[in-house]
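S.K.: Questions regarding the structure given below will be posed in turn.
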Amino acid sequence: MKFCAILLALVSTVVAQSASIAYPQDGTSFAPGSEFTLTIIKPNSLSASPDISAAIGIIPCNDDGSCPTLGTILFKGLFNPQYSTPPGSLPPHQNFTLQIPPTFSAEKAQIGVFRSYLTGAEATPAHETFATTIQVTSGTASASAPVPTGASRRSMRITGKLNL
Ligand SMILES: *[C@@H]1O[C@H](CO)[C@@H](O)[C@H](O)[C@H]1NC(C)=O
């Protein structure tokens with residue numbers, strides 16, 4: 001009984017303080033093919049759970065909003081969160097430079113992370129998954145950069161009308 005209570009306490013601590021995605025936040029928009037930085041943070045209180053690896057994938061969400069697997073793998077390899085030098089406001093973290101697949105367009109997509117680590121005095125293997133949901137726009141990365149003169153003139157005219 002006592003052992004179970006301790007085990008439950010340990011498990012809930014781990015569940016309550018997992019690693020997470022600090023950026024991009026839910027709802028961020030990206031053009032197909034664009035590069036972005038994904039930041040995974042790991043609360044300092046988890047330092048006793050040595051990290052092993054991470055896999056990061058992107059998948060279009062289903063019509064019912066579910067996005068059950070990692071999909072297209074954008075990264076797999078060692079996960080080794082560190083403080084910035086000099087230390088900034090972020091807890092231990094790792095930045096990954098990733099690219100939205102150019103084939104994604106005008107859809108909601110999930111960026112999911114699978115993290116494996118060791119936990120407890122006996123180094124029990126464990127893993128967790130967490131995710132963020134983004135919106136992929138229909139334009140290409142280059143078209144979403146500086147707006148062509150014609151397009152900007154058109155949108156200025158619309159803004160002017162709305163203000164009247
Ligand atoms: C990761 O990126 C964030 C945001 O751009 C930055 O503040 C931080 O210093 C970077 N961390 C490292 C270790 O480069």
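Chain labels follow the order of the structure tokens: the first chain is A, the next B, and so on; residue numbering restarts at 1 in every chain, and ligands are counted from 1 in their shown order.
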Give me the residues near segment 62-73 of chain A as a PyMOL selection string, where near means some atom within 9 Å (using only C-alpha atoms) and where sequence neighbours in that chain fewer than 2 positions away do not count.
M.R.: chain A and resi 55-60+75-76+101+108-114
S.K.: For ligand 1, collect every residue having any atom at a distance of at most 9 Å from a ligand atom (counting only C-alpha atoms and all ligand atoms); output as number ranges by chain.
M.R.: A: 23, 37-40, 81-90, 92-96
S.K.: What is the atom CA of Phe130 of chain A to atom CA of Ser34 of chain A distance in Å?
M.R.: 22.1 Å
S.K.: Considering only C-alpha atoms, can you say which of A:Ile21, A:Ile100, A:Ala48, A:Ile41 comes closest to Thr124 of chain A?
M.R.: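 When distances to Thr124 of chain A are compared using only C-alpha atoms, the smallest one comes from A:Ala48.
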S.K.: Atom CA of Thr97 of chain A and atom CA of Gly139 of chain A are how many Å apart?
M.R.: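 Going from atom CA of Thr97 of chain A over to atom CA of Gly139 of chain A covers 20.6 Å.
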S.K.: What is the distance, in Å and to one decimal place, between atom CA of Pro125 of chain A and atom CA of Asn80 of chain A?
M.R.: 16.2 Å
